[in-house]
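Presented below is the structure to which this report refers.
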Amino acid sequence: MGTVHAPMPAKLFIGMLAQDTGLFQTCTKRLVDAYGQVDMRSEVLPWEHTDYYREEMGSDLRRVFIFFDRLIDPGELPSIKHFTVQLEQEHASTDASGSHRRVNLDPGYITEAKVVLATTKDFPHRIYIGENLYAESTLHYSKHSGTYLPVEHTYPDFRSQYCRVLFSRAREKLRTQLHGE
């Protein structure tokens, strides 16, 4: 018989996508105020994986990931996603055709076993997590390879060697925080 117990704390991260890279600093300040200090960040990367955001956000987009020192309860993910949606709306531009995001903020968390993303969209591989939101496990840690590996539905940028190494480095920080290793 299984025993119910609290989940292990997880490492929060936010993926940011924008044309104006100044928004990365602006949003990071608000996120730090809400979730604590950043202990790791990626390089600012060109967004070359898909044209999905082009109509809404334009071309020449850039991507950055930030990782937080304070660990979270995975159950906090819905409220964090709502906060990031609000932050996106605060920075949106409005013209005759409507409101357009200028920054896309994707929160998620890392455990020793997986990388999880929050989303507003339901698909067969996503699980409802409450507050009208869903989550997907997008990278799975392989002890054999010593890194996170993509699964069938993993987004193209998360499949990249750069991201897999980045998230594996964040996993090592998490392990140190959890186990003192």
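Following the order of the structure tokens, first chain is A, next is B, and so on, with residues numbered from 1 inside each chain and ligands from 1 in the order they appear.
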
Report as a PyMOL selection string: the residues of segment 14-176 of chain A with a DSSP assignment of helix (DSSP H, G or I), based on the backbone of this structure.
-> chain A and resi 22-35+54-57+74-90+156-159+161-176

What lies within 10 Å of Arg41 of chain A using only C-alpha atoms, ignoring chain neighbours under 4 positions off, as an NGL selection string?
-> :A and (13-15 or 64-68 or 166 or 170)

Selection file, all heavy atoms, as a tab-separated table (two decimals), in the first residue's frame:
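Wrote it out as part.tsv, contents follow:
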```tsv
chain	number	residue	atom	x	y	z
A	13	PHE	N	11.84	27.68	-12.53
A	13	PHE	CA	12.48	28.43	-13.62
A	13	PHE	C	11.40	29.14	-14.42
A	13	PHE	O	10.22	28.78	-14.38
A	13	PHE	CB	13.31	27.51	-14.52
A	13	PHE	CG	12.51	26.60	-15.39
A	13	PHE	CD1	12.09	26.98	-16.66
A	13	PHE	CD2	12.15	25.34	-14.94
A	13	PHE	CE1	11.32	26.13	-17.45
A	13	PHE	CE2	11.39	24.48	-15.73
A	13	PHE	CZ	10.98	24.89	-16.99
A	14	ILE	N	11.83	30.18	-15.14
A	14	ILE	CA	10.94	30.89	-16.05
A	14	ILE	C	11.67	31.01	-17.37
A	14	ILE	O	12.81	31.51	-17.42
A	14	ILE	CB	10.59	32.32	-15.55
A	14	ILE	CG1	10.09	32.31	-14.10
A	14	ILE	CG2	9.61	32.99	-16.51
A	14	ILE	CD1	8.68	31.85	-13.87
A	15	GLY	N	11.03	30.58	-18.45
A	15	GLY	CA	11.53	30.82	-19.80
A	15	GLY	C	10.90	32.11	-20.30
A	15	GLY	O	9.68	32.29	-20.20
A	64	VAL	N	15.55	33.53	-23.05
A	64	VAL	CA	16.42	33.38	-21.89
A	64	VAL	C	15.67	32.58	-20.83
A	64	VAL	O	14.44	32.64	-20.76
A	64	VAL	CB	16.89	34.76	-21.35
A	64	VAL	CG1	15.77	35.51	-20.67
A	64	VAL	CG2	18.08	34.62	-20.42
A	65	PHE	N	16.41	31.81	-20.06
A	65	PHE	CA	15.85	31.07	-18.93
A	65	PHE	C	16.49	31.59	-17.66
A	65	PHE	O	17.71	31.81	-17.62
A	65	PHE	CB	16.16	29.57	-19.03
A	65	PHE	CG	15.45	28.86	-20.14
A	65	PHE	CD1	16.09	28.65	-21.36
A	65	PHE	CD2	14.16	28.39	-19.96
A	65	PHE	CE1	15.44	27.97	-22.38
A	65	PHE	CE2	13.51	27.72	-20.98
A	65	PHE	CZ	14.15	27.51	-22.20
A	66	ILE	N	15.69	31.78	-16.62
A	66	ILE	CA	16.22	32.10	-15.30
A	66	ILE	C	15.76	31.03	-14.32
A	66	ILE	O	14.66	30.49	-14.44
A	66	ILE	CB	15.80	33.52	-14.83
A	66	ILE	CG1	14.29	33.68	-14.75
A	66	ILE	CG2	16.44	34.59	-15.71
A	66	ILE	CD1	13.83	35.00	-14.13
A	67	PHE	N	16.63	30.73	-13.35
A	67	PHE	CA	16.38	29.70	-12.36
A	67	PHE	C	16.51	30.34	-10.98
A	67	PHE	O	17.41	31.14	-10.75
A	67	PHE	CB	17.40	28.57	-12.50
A	67	PHE	CG	17.35	27.90	-13.84
A	67	PHE	CD1	18.00	28.46	-14.94
A	67	PHE	CD2	16.68	26.70	-14.02
A	67	PHE	CE1	17.98	27.85	-16.18
A	67	PHE	CE2	16.64	26.09	-15.25
A	67	PHE	CZ	17.29	26.67	-16.34
A	68	PHE	N	15.64	29.97	-10.07
A	68	PHE	CA	15.56	30.61	-8.77
A	68	PHE	C	16.22	29.76	-7.69
A	68	PHE	O	16.15	28.53	-7.72
A	68	PHE	CB	14.10	30.89	-8.40
A	68	PHE	CG	13.49	31.92	-9.30
A	68	PHE	CD1	12.95	31.56	-10.53
A	68	PHE	CD2	13.49	33.25	-8.94
A	68	PHE	CE1	12.42	32.51	-11.38
A	68	PHE	CE2	12.96	34.22	-9.79
A	68	PHE	CZ	12.42	33.84	-11.01
A	166	LEU	N	21.86	22.83	-19.95
A	166	LEU	CA	21.47	23.88	-19.02
A	166	LEU	C	20.58	23.32	-17.90
A	166	LEU	O	20.82	23.57	-16.71
A	166	LEU	CB	20.73	25.00	-19.77
A	166	LEU	CG	20.18	26.14	-18.93
A	166	LEU	CD1	21.32	27.02	-18.43
A	166	LEU	CD2	19.19	26.97	-19.76
A	170	ALA	N	21.15	22.89	-13.81
A	170	ALA	CA	20.19	23.33	-12.79
A	170	ALA	C	19.81	22.17	-11.88
A	170	ALA	O	19.61	22.35	-10.68
A	170	ALA	CB	18.96	23.94	-13.46
```

For segment 115-129 of chain A, work out the shell of residues within 12 Å, counting only C-alpha atoms and skipping chain neighbours fewer than 6 positions away, then give it as an MDAnalysis selection string.
-> chainID A and resid 10:15 74:85 104:109 135:142 147:155 158:159 163:164 166:168 170:171

Write a file of the just-selected residues containing N, CA and C atoms, as a compact mmCIF listing (two decimals), in the first residue's frame.
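Here's the written file selection_18.txt:
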```txt
# COMPACT_ATOMS: atom_id res chain seq x y z
N ALA A 10 10.96 21.65 -5.47
CA ALA A 10 11.41 21.70 -6.86
C ALA A 10 12.07 23.05 -7.14
N LYS A 11 12.86 23.10 -8.19
CA LYS A 11 13.56 24.32 -8.59
C LYS A 11 12.72 25.04 -9.64
N LEU A 12 12.29 26.25 -9.32
CA LEU A 12 11.49 27.06 -10.23
C LEU A 12 12.37 27.67 -11.32
N PHE A 13 11.84 27.68 -12.53
CA PHE A 13 12.48 28.43 -13.62
C PHE A 13 11.40 29.14 -14.42
N ILE A 14 11.83 30.18 -15.14
CA ILE A 14 10.94 30.89 -16.05
C ILE A 14 11.67 31.01 -17.37
N GLY A 15 11.03 30.58 -18.45
CA GLY A 15 11.53 30.82 -19.80
C GLY A 15 10.90 32.11 -20.30
N PRO A 74 5.82 22.00 -5.66
CA PRO A 74 5.27 21.92 -7.01
C PRO A 74 3.81 22.36 -7.12
N GLY A 75 3.08 22.29 -6.02
CA GLY A 75 1.69 22.73 -5.99
C GLY A 75 1.53 24.24 -6.17
N GLU A 76 2.63 24.99 -6.10
CA GLU A 76 2.58 26.43 -6.32
C GLU A 76 2.52 26.80 -7.80
N LEU A 77 2.76 25.84 -8.69
CA LEU A 77 2.86 26.15 -10.12
C LEU A 77 1.64 26.88 -10.68
N PRO A 78 0.40 26.52 -10.34
CA PRO A 78 -0.73 27.28 -10.89
C PRO A 78 -0.70 28.77 -10.52
N SER A 79 -0.41 29.09 -9.28
CA SER A 79 -0.39 30.51 -8.89
C SER A 79 0.77 31.23 -9.57
N ILE A 80 1.89 30.55 -9.77
CA ILE A 80 3.03 31.17 -10.47
C ILE A 80 2.65 31.43 -11.92
N LYS A 81 1.98 30.49 -12.57
CA LYS A 81 1.55 30.70 -13.96
C LYS A 81 0.58 31.87 -14.05
N HIS A 82 -0.34 31.99 -13.13
CA HIS A 82 -1.26 33.13 -13.14
C HIS A 82 -0.50 34.45 -12.98
N PHE A 83 0.51 34.46 -12.12
CA PHE A 83 1.32 35.67 -11.95
C PHE A 83 2.03 36.03 -13.26
N THR A 84 2.59 35.03 -13.96
CA THR A 84 3.30 35.33 -15.20
C THR A 84 2.35 35.79 -16.31
N VAL A 85 1.14 35.25 -16.35
CA VAL A 85 0.14 35.71 -17.32
C VAL A 85 -0.20 37.18 -17.05
N ASN A 104 6.72 36.66 -23.53
CA ASN A 104 6.08 35.39 -23.19
C ASN A 104 6.85 34.82 -22.01
N LEU A 105 6.15 34.51 -20.94
CA LEU A 105 6.76 33.98 -19.72
C LEU A 105 6.22 32.59 -19.44
N ASP A 106 7.10 31.61 -19.48
CA ASP A 106 6.71 30.22 -19.28
C ASP A 106 7.33 29.67 -18.01
N PRO A 107 6.55 29.55 -16.94
CA PRO A 107 7.10 28.97 -15.71
C PRO A 107 7.08 27.45 -15.74
N GLY A 108 8.00 26.91 -14.99
CA GLY A 108 8.06 25.47 -14.82
C GLY A 108 8.92 25.14 -13.62
N TYR A 109 9.11 23.86 -13.39
CA TYR A 109 9.99 23.47 -12.31
C TYR A 109 10.77 22.23 -12.69
N ALA A 135 -0.27 21.04 -16.99
CA ALA A 135 1.18 20.90 -16.92
C ALA A 135 1.58 19.70 -17.77
N GLU A 136 2.82 19.77 -18.25
CA GLU A 136 3.38 18.64 -18.99
C GLU A 136 4.79 18.39 -18.51
N SER A 137 5.13 17.13 -18.47
CA SER A 137 6.49 16.71 -18.19
C SER A 137 7.20 16.66 -19.54
N THR A 138 8.14 17.57 -19.74
CA THR A 138 8.70 17.76 -21.08
C THR A 138 10.10 17.19 -21.28
N LEU A 139 10.85 17.04 -20.19
CA LEU A 139 12.16 16.37 -20.23
C LEU A 139 12.20 15.37 -19.08
N HIS A 140 12.79 14.22 -19.33
CA HIS A 140 12.90 13.17 -18.31
C HIS A 140 14.36 12.86 -18.08
N TYR A 141 14.78 12.79 -16.83
CA TYR A 141 16.19 12.53 -16.52
C TYR A 141 16.52 11.06 -16.75
N SER A 142 17.65 10.83 -17.41
CA SER A 142 18.14 9.48 -17.65
C SER A 142 19.43 9.26 -16.87
N THR A 147 21.73 12.94 -18.25
CA THR A 147 21.15 14.20 -18.70
C THR A 147 19.64 14.03 -18.85
N TYR A 148 18.97 15.15 -19.05
CA TYR A 148 17.55 15.11 -19.37
C TYR A 148 17.39 14.75 -20.84
N LEU A 149 16.37 13.96 -21.13
CA LEU A 149 16.07 13.56 -22.51
C LEU A 149 14.68 14.02 -22.90
N PRO A 150 14.51 14.39 -24.17
CA PRO A 150 13.18 14.80 -24.64
C PRO A 150 12.25 13.60 -24.78
N VAL A 151 10.97 13.90 -24.80
CA VAL A 151 9.94 12.90 -25.08
C VAL A 151 9.22 13.35 -26.35
N GLU A 152 8.24 12.60 -26.77
CA GLU A 152 7.57 12.85 -28.05
C GLU A 152 7.08 14.29 -28.20
N HIS A 153 6.52 14.88 -27.15
CA HIS A 153 5.90 16.20 -27.25
C HIS A 153 6.82 17.35 -26.81
N THR A 154 8.08 17.09 -26.52
CA THR A 154 9.00 18.13 -26.06
C THR A 154 9.15 19.22 -27.11
N TYR A 155 9.05 20.48 -26.67
CA TYR A 155 9.23 21.62 -27.58
C TYR A 155 10.63 21.60 -28.20
N PHE A 158 13.60 23.00 -26.11
CA PHE A 158 13.96 22.14 -24.98
C PHE A 158 14.70 20.88 -25.45
N ARG A 159 14.53 20.51 -26.71
CA ARG A 159 15.25 19.36 -27.27
C ARG A 159 16.72 19.66 -27.54
N CYS A 163 19.91 23.42 -24.16
CA CYS A 163 18.90 23.41 -23.09
C CYS A 163 19.02 22.18 -22.22
N ARG A 164 19.29 21.05 -22.81
CA ARG A 164 19.41 19.83 -22.02
C ARG A 164 20.59 19.91 -21.06
N LEU A 166 21.86 22.83 -19.95
CA LEU A 166 21.47 23.88 -19.02
C LEU A 166 20.58 23.32 -17.90
N PHE A 167 19.57 22.57 -18.27
CA PHE A 167 18.66 22.02 -17.27
C PHE A 167 19.35 20.95 -16.42
N SER A 168 20.29 20.24 -16.98
CA SER A 168 21.05 19.27 -16.18
C SER A 168 21.93 20.00 -15.16
N ALA A 170 21.15 22.89 -13.81
CA ALA A 170 20.19 23.33 -12.79
C ALA A 170 19.81 22.17 -11.88
N ARG A 171 19.71 20.97 -12.45
CA ARG A 171 19.41 19.78 -11.64
C ARG A 171 20.50 19.56 -10.60
```

All residues 6 Å or closer to Pro9 of chain A, only C-alpha atoms, same chain fewer than 2 positions away omitted, as number ranges by chain = A: 71-73

Only C-alpha atoms, please: the residues just picked out, written as a PDB file, in the first residue's frame.
```
ATOM      1  CA  LEU A  71      12.828  25.945  -3.966  1.00  0.00           C
ATOM      2  CA  ILE A  72       9.066  25.690  -4.345  1.00  0.00           C
ATOM      3  CA  ASP A  73       6.330  23.217  -3.567  1.00  0.00           C
TER       4      ASP A  73
END
```

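Distance-wise, atom CA of Gly36 of chain A and atom CA of Pro156 of chain A end up 28.8 Å apart.
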
Which residues come within 9 Å of Gln37 of chain A, counting only C-alpha atoms, excluding same-chain residues fewer than 4 positions away, as a ChimeraX atom specification?
-> /A:31-33,67-70

Contact residues around Ala92 of chain A with only C-alpha atoms at 8 Å, ignoring same-chain residues under 2 positions, as a ChimeraX atom specification = /A:88-90,94,99-103

From the set A:Thr111, A:Ser93, A:Gln161, A:Gln25, which residue has the shortest atom-to-atom contact distance to Arg175 of chain A, counting only C-alpha atoms?
-> A:Thr111

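By chain and then residue number, the residues within 12 Å of Glu48 of chain A are Leu17, Tyr52, Tyr53, Arg54, Ser59, Asp60, Leu61, Arg62, Arg63, Pro156, Asp157 and Ser160 of chain A, counting only C-alpha atoms and disregarding those fewer than 4 positions away in sequence.
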
Resulting file, chosen residues, N, CA, C and O atoms, as a compact mmCIF listing (two decimals), in the first residue's frame:
```txt
# COMPACT_ATOMS: atom_id res chain seq x y z
N LEU A 17 10.59 34.95 -23.54
CA LEU A 17 10.73 35.12 -24.98
C LEU A 17 10.26 36.52 -25.32
O LEU A 17 9.15 36.92 -24.93
N TYR A 52 5.74 30.19 -34.54
CA TYR A 52 4.48 30.21 -33.80
C TYR A 52 4.13 31.59 -33.24
O TYR A 52 2.98 31.99 -33.26
N TYR A 53 5.12 32.32 -32.76
CA TYR A 53 4.87 33.61 -32.10
C TYR A 53 5.00 34.81 -33.04
O TYR A 53 4.76 35.93 -32.64
N ARG A 54 5.39 34.59 -34.28
CA ARG A 54 5.69 35.70 -35.20
C ARG A 54 4.53 36.68 -35.37
O ARG A 54 4.73 37.89 -35.27
N SER A 59 9.21 39.22 -35.32
CA SER A 59 10.34 38.35 -35.64
C SER A 59 11.55 38.77 -34.80
O SER A 59 11.46 39.70 -34.00
N ASP A 60 12.66 38.10 -35.00
CA ASP A 60 13.90 38.39 -34.28
C ASP A 60 13.70 38.28 -32.77
O ASP A 60 14.15 39.14 -32.00
N LEU A 61 13.01 37.22 -32.36
CA LEU A 61 12.77 37.00 -30.92
C LEU A 61 14.01 36.40 -30.27
O LEU A 61 14.82 35.73 -30.92
N ARG A 62 14.11 36.62 -28.97
CA ARG A 62 15.20 36.09 -28.16
C ARG A 62 14.62 35.32 -26.98
O ARG A 62 13.52 35.60 -26.53
N ARG A 63 15.40 34.36 -26.49
CA ARG A 63 14.95 33.48 -25.40
C ARG A 63 16.01 33.51 -24.29
O ARG A 63 17.20 33.50 -24.57
N PRO A 156 10.76 22.11 -29.43
CA PRO A 156 12.06 22.06 -30.11
C PRO A 156 13.21 22.72 -29.34
O PRO A 156 14.32 22.20 -29.33
N ASP A 157 12.97 23.86 -28.68
CA ASP A 157 14.07 24.50 -27.97
C ASP A 157 14.52 23.66 -26.78
O ASP A 157 15.72 23.57 -26.48
N SER A 160 17.06 20.93 -27.66
CA SER A 160 18.42 21.31 -28.04
C SER A 160 19.44 20.83 -26.99
O SER A 160 19.13 20.74 -25.80
```
